>>> print(open('protein-v6.csv').read())   # CSV, C-alpha atoms
chain,number,residue,atom,x,y,z
A,155,GLU,CA,24.6,-13.7,9.8
A,156,LEU,CA,21.8,-16.0,10.6
A,157,LYS,CA,21.4,-19.1,8.5
A,158,VAL,CA,18.4,-21.4,8.7
A,159,GLU,CA,18.4,-25.0,7.5
A,160,GLN,CA,15.5,-27.2,7.2
A,161,ASN,CA,15.3,-30.9,6.7
A,162,PRO,CA,14.0,-32.8,5.0
A,163,LEU,CA,13.4,-30.6,2.0
A,164,PHE,CA,11.0,-33.1,0.5
A,165,LEU,CA,8.8,-35.6,2.4
A,166,SER,CA,6.2,-38.0,1.1
A,167,MET,CA,4.2,-39.8,3.7
A,168,GLN,CA,1.0,-41.7,4.1
A,169,GLU,CA,-2.1,-40.6,5.9
A,170,GLY,CA,-2.2,-41.6,9.6
A,171,LYS,CA,1.6,-41.5,10.1
A,172,ASN,CA,3.6,-39.2,12.3
A,173,TYR,CA,6.6,-37.3,11.2
A,174,THR,CA,8.9,-34.4,12.3
A,175,ILE,CA,10.4,-31.5,10.3
A,176,TYR,CA,13.6,-30.1,11.7
A,177,CYS,CA,14.8,-26.5,11.6
A,178,ASN,CA,18.4,-25.7,12.7
A,179,TYR,CA,19.7,-22.1,12.9
A,180,SER,CA,23.2,-20.9,13.1
A,181,THR,CA,23.3,-18.0,15.6
A,182,THR,CA,21.1,-16.7,18.3
A,183,SER,CA,17.5,-16.0,17.1
A,184,ASP,CA,15.2,-14.5,19.6
A,185,ARG,CA,12.1,-16.0,18.0
A,186,LEU,CA,11.3,-18.7,15.5
A,187,TYR,CA,8.4,-18.8,13.1
A,188,TRP,CA,6.7,-21.5,11.1
A,189,TYR,CA,4.7,-20.7,7.9
A,190,ARG,CA,2.6,-22.8,5.6
A,191,GLN,CA,2.4,-22.3,1.8
A,192,ASP,CA,-0.2,-24.0,-0.4
A,193,PRO,CA,0.7,-24.4,-4.1
A,194,GLY,CA,0.4,-21.1,-5.9
A,195,LYS,CA,-0.5,-19.3,-2.7
A,196,SER,CA,1.3,-17.0,-0.3
A,197,LEU,CA,2.7,-17.8,3.1
A,198,GLU,CA,0.4,-18.2,6.1
A,199,SER,CA,1.7,-17.8,9.6
A,200,LEU,CA,1.3,-21.0,11.7
A,201,PHE,CA,3.3,-20.6,14.9
A,202,VAL,CA,5.4,-18.0,16.7
A,203,LEU,CA,7.8,-19.4,19.2
A,204,LEU,CA,9.2,-16.8,21.6
A,205,SER,CA,11.4,-18.6,24.2
A,206,ASN,CA,13.3,-21.7,25.0
A,207,GLY,CA,11.0,-24.6,25.6
A,208,ALA,CA,8.1,-23.0,23.9
A,209,VAL,CA,5.6,-25.4,22.5
A,210,LYS,CA,2.6,-24.5,20.4
A,211,GLN,CA,-0.1,-26.8,19.0
A,212,GLU,CA,-2.8,-26.4,16.4
A,213,GLY,CA,-4.7,-29.5,15.4
A,214,ARG,CA,-2.3,-32.1,14.2
A,215,LEU,CA,0.7,-29.8,14.1
A,216,MET,CA,2.9,-29.1,17.1
A,217,ALA,CA,6.0,-26.8,17.1
A,218,SER,CA,8.7,-26.6,19.7
A,219,LEU,CA,11.8,-24.5,20.2
A,220,ASP,CA,15.1,-25.4,21.9
A,221,THR,CA,17.3,-22.3,21.8
A,222,LYS,CA,20.3,-24.0,23.4
A,223,ALA,CA,20.4,-26.6,20.6
A,224,ARG,CA,19.3,-23.9,18.1
A,225,LEU,CA,16.6,-26.3,16.9
A,226,SER,CA,12.9,-26.0,16.2
A,227,THR,CA,10.7,-28.9,15.2
A,228,LEU,CA,7.3,-29.2,13.6
A,229,HIS,CA,5.7,-32.5,14.4
A,230,ILE,CA,2.8,-33.9,12.4
A,231,THR,CA,0.5,-36.3,14.2
A,232,ALA,CA,-1.7,-38.8,12.2
A,233,ALA,CA,-1.2,-36.9,9.0
A,234,VAL,CA,-4.2,-36.1,6.7
A,235,HIS,CA,-4.1,-35.1,3.1
A,236,ASP,CA,-5.1,-31.5,3.8
A,237,LEU,CA,-1.8,-30.9,5.5
A,238,SER,CA,0.0,-31.3,2.2
A,239,ALA,CA,1.9,-28.0,1.6
A,240,THR,CA,5.3,-26.5,1.9
A,241,TYR,CA,6.4,-25.6,5.4
A,242,PHE,CA,8.9,-22.9,6.1
A,243,CYS,CA,10.7,-22.0,9.3
A,244,ALA,CA,12.2,-18.6,9.8
A,245,GLY,CA,14.3,-16.9,12.4
A,246,SER,CA,15.1,-13.4,13.4
A,247,GLY,CA,18.7,-12.3,13.5
A,248,GLY,CA,17.6,-9.1,15.2
A,249,GLY,CA,18.4,-6.8,12.3
A,250,ALA,CA,16.2,-4.6,10.2
A,251,ASP,CA,16.2,-7.0,7.3
A,252,GLY,CA,13.5,-9.1,8.9
A,253,LEU,CA,13.3,-12.8,8.9
A,254,THR,CA,15.7,-15.4,7.5
A,255,PHE,CA,13.8,-18.3,5.9
A,256,GLY,CA,14.8,-21.9,5.4
A,257,LYS,CA,14.4,-23.4,2.0
A,258,GLY,CA,11.1,-25.0,2.9
A,259,THR,CA,9.9,-28.6,3.3
A,260,HIS,CA,7.6,-29.8,0.6
A,261,LEU,CA,5.2,-32.2,2.3
A,262,ILE,CA,3.0,-34.6,0.3
A,263,ILE,CA,0.6,-36.8,2.3
A,264,GLN,CA,-0.9,-39.6,0.3
A,265,PRO,CA,-4.2,-41.3,1.1
B,172,ASP,CA,-6.8,-8.9,10.5
B,173,VAL,CA,-3.6,-7.7,8.9
B,174,LYS,CA,-4.0,-7.3,5.2
B,175,VAL,CA,-1.2,-7.1,2.7
B,176,THR,CA,-2.5,-6.6,-0.8
B,177,GLN,CA,-0.4,-6.9,-4.0
B,178,SER,CA,-1.8,-5.2,-7.0
B,179,SER,CA,-1.7,-8.2,-9.4
B,180,ARG,CA,-1.8,-12.0,-9.0
B,181,TYR,CA,-0.4,-12.7,-12.5
B,182,LEU,CA,1.6,-10.5,-14.8
B,183,VAL,CA,3.2,-11.2,-18.2
B,184,LYS,CA,5.7,-8.6,-19.5
B,185,ARG,CA,8.1,-8.4,-22.3
B,186,THR,CA,11.8,-8.2,-22.0
B,187,GLY,CA,13.0,-4.7,-21.6
B,188,GLU,CA,9.8,-3.3,-20.2
B,189,LYS,CA,9.7,-1.3,-17.0
B,190,VAL,CA,7.6,-3.2,-14.5
B,191,PHE,CA,5.9,-2.0,-11.3
B,192,LEU,CA,4.7,-4.3,-8.6
B,193,GLU,CA,2.6,-2.6,-5.9
B,194,CYS,CA,2.0,-3.6,-2.3
B,195,VAL,CA,-0.2,-2.0,0.2
B,196,GLN,CA,-0.7,-2.9,3.9
B,197,ASP,CA,-3.4,-1.6,6.2
B,198,MET,CA,-1.9,-2.2,9.6
B,199,ASP,CA,0.4,0.8,9.9
B,200,HIS,CA,3.5,-1.4,9.9
B,201,GLU,CA,6.8,0.3,9.7
B,202,ASN,CA,8.7,-2.5,8.1
B,203,MET,CA,8.0,-3.8,4.5
B,204,PHE,CA,9.8,-6.3,2.4
B,205,TRP,CA,10.0,-7.7,-1.1
B,206,TYR,CA,11.0,-11.3,-1.6
B,207,ARG,CA,11.3,-13.5,-4.7
B,208,GLN,CA,10.6,-17.2,-4.5
B,209,ASP,CA,12.1,-19.7,-6.9
B,210,PRO,CA,11.9,-23.5,-6.8
B,211,GLY,CA,14.8,-24.9,-4.7
B,212,LEU,CA,16.0,-21.5,-3.6
B,213,GLY,CA,13.4,-20.6,-1.1
B,214,LEU,CA,12.6,-17.0,-0.3
B,215,ARG,CA,15.3,-14.4,-1.1
B,216,LEU,CA,15.1,-10.9,0.1
B,217,ILE,CA,15.3,-8.2,-2.6
B,218,TYR,CA,14.8,-5.0,-0.7
B,219,PHE,CA,13.3,-3.8,2.6
B,220,SER,CA,12.2,-0.6,4.1
B,221,TYR,CA,11.9,0.4,7.8
B,222,ASP,CA,10.4,3.8,7.2
B,223,VAL,CA,9.0,6.1,4.6
B,224,LYS,CA,11.5,7.0,2.0
B,225,MET,CA,14.0,4.6,3.6
B,226,LYS,CA,15.2,1.6,1.6
B,227,GLU,CA,17.9,-1.0,2.1
B,228,LYS,CA,19.3,-3.7,-0.2
B,229,GLY,CA,18.6,-7.2,0.6
B,230,ASP,CA,20.4,-10.3,-0.7
B,231,ILE,CA,19.6,-9.9,-4.4
B,232,PRO,CA,18.9,-6.3,-5.3
B,233,GLU,CA,20.5,-6.3,-8.7
B,234,GLY,CA,18.1,-5.3,-11.5
B,235,TYR,CA,15.5,-4.0,-9.0
B,236,SER,CA,14.7,-0.8,-7.2
B,237,VAL,CA,12.0,0.2,-4.7
B,238,SER,CA,10.0,3.2,-3.7
B,239,ARG,CA,8.3,4.0,-0.4
B,240,GLU,CA,6.6,7.4,-0.6
B,241,LYS,CA,3.9,6.5,1.9
B,242,LYS,CA,4.0,4.3,4.9
B,243,GLU,CA,1.4,1.8,3.6
B,244,ARG,CA,2.8,1.4,0.1
B,245,PHE,CA,6.0,-0.3,-1.0
B,246,SER,CA,6.6,-0.7,-4.7
B,247,LEU,CA,9.1,-2.9,-6.5
B,248,ILE,CA,10.4,-1.7,-9.8
B,249,LEU,CA,12.1,-3.8,-12.5
B,250,GLU,CA,13.9,-1.2,-14.5
B,251,SER,CA,14.3,-3.4,-17.6
B,252,ALA,CA,12.7,-6.8,-17.2
B,253,SER,CA,14.7,-9.8,-18.2
B,254,THR,CA,13.7,-13.4,-18.5
B,255,ASN,CA,15.7,-14.4,-15.4
B,256,GLN,CA,13.3,-12.2,-13.4
B,257,THR,CA,10.5,-14.6,-14.1
B,258,SER,CA,9.4,-15.6,-10.5
B,259,MET,CA,6.9,-15.4,-7.7
B,260,TYR,CA,7.2,-12.1,-5.9
B,261,LEU,CA,6.0,-11.8,-2.3
B,262,CYS,CA,5.5,-8.6,-0.3
B,263,ALA,CA,5.4,-8.7,3.5
B,264,SER,CA,5.1,-6.2,6.3
B,265,SER,CA,5.8,-6.4,10.0
B,266,PRO,CA,5.5,-4.1,13.0
B,267,PRO,CA,8.4,-2.9,15.1
B,268,PRO,CA,10.7,-3.9,16.7
B,269,TRP,CA,12.8,-5.7,14.1
B,270,GLY,CA,12.3,-9.4,13.8
B,271,ARG,CA,8.6,-9.5,14.5
B,272,GLU,CA,6.2,-11.8,12.6
B,273,ALA,CA,5.9,-11.0,8.9
B,274,PHE,CA,2.5,-10.9,7.1
B,275,PHE,CA,2.5,-11.7,3.5
B,276,GLY,CA,0.6,-10.6,0.5
B,277,GLN,CA,-0.9,-13.1,-1.9
B,278,GLY,CA,2.0,-13.0,-4.3
B,279,THR,CA,2.5,-11.9,-7.9
B,280,ARG,CA,3.6,-14.5,-10.4
B,281,LEU,CA,5.6,-12.5,-13.0
B,282,THR,CA,6.5,-14.0,-16.3
B,283,VAL,CA,8.9,-12.1,-18.6
B,284,VAL,CA,8.8,-13.2,-22.2
>>> encode(input="protein-v6.csv", output="structure tokens")
Amino acid sequence: ELKVEQNPLFLSMQEGKNYTIYCNYSTTSDRLYWYRQDPGKSLESLFVLLSNGAVKQEGRLMASLDTKARLSTLHITAAVHDLSATYFCAGSGGGADGLTFGKGTHLIIQP
Amino acid sequence: DVKVTQSSRYLVKRTGEKVFLECVQDMDHENMFWYRQDPGLGLRLIYFSYDVKMKEKGDIPEGYSVSREKKERFSLILESASTNQTSMYLCASSPPPWGREAFFGQGTRLTVV
């Protein structure tokens, strides 16, 4: 059974700083997803990482996948207030029950 | 764009009522899911379906049932609502094969009083 752990679960940081959110998973996952959720809203897909060494970037966010270490990271560069949200990673155990989600990282970026 | 639409954004129901949450997707996806989201617990899978009339229990099916009579529609039913079912409910769909990216509806915030 796939388990997904994110850390930290809560992060408060200042604008302009860099930080990384970590996502560890317990068994083989053939792909890894990152989602963003704004307060009171649904989940929006950010990145799909399909293979070892995959790196995707969108603006100030960059996601990477290391399947050997069973680790994905979401790196935030020069944070801005608009990036404040909850970020989820999710893996696929290959079964019909879809994706397994981490508990989410609640990110607050203060001016 | 994939669109997953949930019938209500907010619902308030009384304890003991039968509650229907409806979800419709327009991308002909085989797989559909219902999650509930609670603070500190993340997303928990209630039920999923990989075909019309097929349904499978997720991690927390107790107190819920589902119906999938048409490919595009997946309904979540609370047979007798209780206060501990107050939560945010999220519907999602994904194409085959299993484990593909899930697309989420806007969520229904249900309050049971």
>>> atom_distance(input="protein-v6.csv", atom1="CA of Thr259 (chain A)", atom2="CA of Asn161 (chain A)")
6.8 Å
>>> residues_around(input="protein-v6.csv", residues="Ile263 (chain A)", least_positions_apart="4", cutoff="7 Å", atoms="only C-alpha atoms", output="VMD selection string")
chain A and resid 166 to 169 233 to 235 238
>>> closest_atom_pairs(input="protein-v6.csv", of="chain A", to="chain B", cutoff="9 Å", atoms="all atoms listed in the file", output="JSON lines")
{"residue": "A:Leu163", "atom": "CA", "partner": "B:Gly211", "partner_atom": "CA", "distance": 8.9}
{"residue": "A:Asp184", "atom": "CA", "partner": "B:Gly270", "partner_atom": "CA", "distance": 8.2}
{"residue": "A:Arg185", "atom": "CA", "partner": "B:Gly270", "partner_atom": "CA", "distance": 7.8}
{"residue": "A:Tyr187", "atom": "CA", "partner": "B:Glu272", "partner_atom": "CA", "distance": 7.4}
{"residue": "A:Gly194", "atom": "CA", "partner": "B:Gly278", "partner_atom": "CA", "distance": 8.4}
{"residue": "A:Lys195", "atom": "CA", "partner": "B:Gln277", "partner_atom": "CA", "distance": 6.3}
{"residue": "A:Ser196", "atom": "CA", "partner": "B:Gln277", "partner_atom": "CA", "distance": 4.8}
{"residue": "A:Leu197", "atom": "CA", "partner": "B:Phe275", "partner_atom": "CA", "distance": 6.1}
{"residue": "A:Glu198", "atom": "CA", "partner": "B:Phe275", "partner_atom": "CA", "distance": 7.3}
{"residue": "A:Ser199", "atom": "CA", "partner": "B:Phe274", "partner_atom": "CA", "distance": 7.4}
{"residue": "A:Val202", "atom": "CA", "partner": "B:Glu272", "partner_atom": "CA", "distance": 7.5}
{"residue": "A:Phe242", "atom": "CA", "partner": "B:Gly213", "partner_atom": "CA", "distance": 8.8}
{"residue": "A:Gly245", "atom": "CA", "partner": "B:Gly270", "partner_atom": "CA", "distance": 7.9}
{"residue": "A:Ser246", "atom": "CA", "partner": "B:Gly270", "partner_atom": "CA", "distance": 4.9}
{"residue": "A:Gly247", "atom": "CA", "partner": "B:Gly270", "partner_atom": "CA", "distance": 7.0}
{"residue": "A:Gly248", "atom": "CA", "partner": "B:Gly270", "partner_atom": "CA", "distance": 5.5}
{"residue": "A:Gly249", "atom": "CA", "partner": "B:Trp269", "partner_atom": "CA", "distance": 6.0}
{"residue": "A:Ala250", "atom": "CA", "partner": "B:Trp269", "partner_atom": "CA", "distance": 5.3}
{"residue": "A:Asp251", "atom": "CA", "partner": "B:Phe219", "partner_atom": "CA", "distance": 6.4}
{"residue": "A:Gly252", "atom": "CA", "partner": "B:Gly270", "partner_atom": "CA", "distance": 5.1}
{"residue": "A:Leu253", "atom": "CA", "partner": "B:Gly270", "partner_atom": "CA", "distance": 6.0}
{"residue": "A:Thr254", "atom": "CA", "partner": "B:Leu214", "partner_atom": "CA", "distance": 8.5}
{"residue": "A:Phe255", "atom": "CA", "partner": "B:Leu214", "partner_atom": "CA", "distance": 6.4}
{"residue": "A:Gly256", "atom": "CA", "partner": "B:Gly213", "partner_atom": "CA", "distance": 6.8}
{"residue": "A:Lys257", "atom": "CA", "partner": "B:Gly213", "partner_atom": "CA", "distance": 4.3}
{"residue": "A:Gly258", "atom": "CA", "partner": "B:Gly213", "partner_atom": "CA", "distance": 6.4}
>>> atom_distance(input="protein-v6.csv", atom1="CA of His200 (chain B)", atom2="CA of Ile217 (chain B)")
18.5 Å
>>> closest_residue(input="protein-v6.csv", among="A:Leu261, A:Val209, A:Leu200, A:Leu165", to="Thr240 (chain A)", atoms="all atoms listed in the file")
A:Leu261
>>> residues_around(input="protein-v6.csv", residues="region 186-198 of chain B", least_positions_apart="6", cutoff="10 Å", atoms="all atoms listed in the file", output="number ranges by chain")
B: 172-179, 204-205, 235-238, 241-256, 260-266, 274-279, 281-284
>>> atom_distance(input="protein-v6.csv", atom1="CA of Leu225 (chain A)", atom2="CA of Arg190 (chain A)")
18.3 Å
>>> closest_residue(input="protein-v6.csv", among="A:Ser180, A:Thr174, A:Gln191, A:Gln211", to="His229 (chain A)", atoms="all atoms listed in the file")
A:Thr174
>>> closest_residue(input="protein-v6.csv", among="A:Ala223, A:Cys177, A:Leu156, A:Leu186", to="Leu204 (chain A)", atoms="only C-alpha atoms")
A:Leu186
>>> residues_near_point(input="protein-v6.csv", point="(-0.5, -29.3, 16.0)", cutoff="9 Å", atoms="all atoms listed in the file", output="list of chain:residue names")
A:Lys210, A:Gln211, A:Glu212, A:Gly213, A:Arg214, A:Leu215, A:Met216, A:Ala217, A:Leu228, A:His229, A:Ile230, A:Thr231
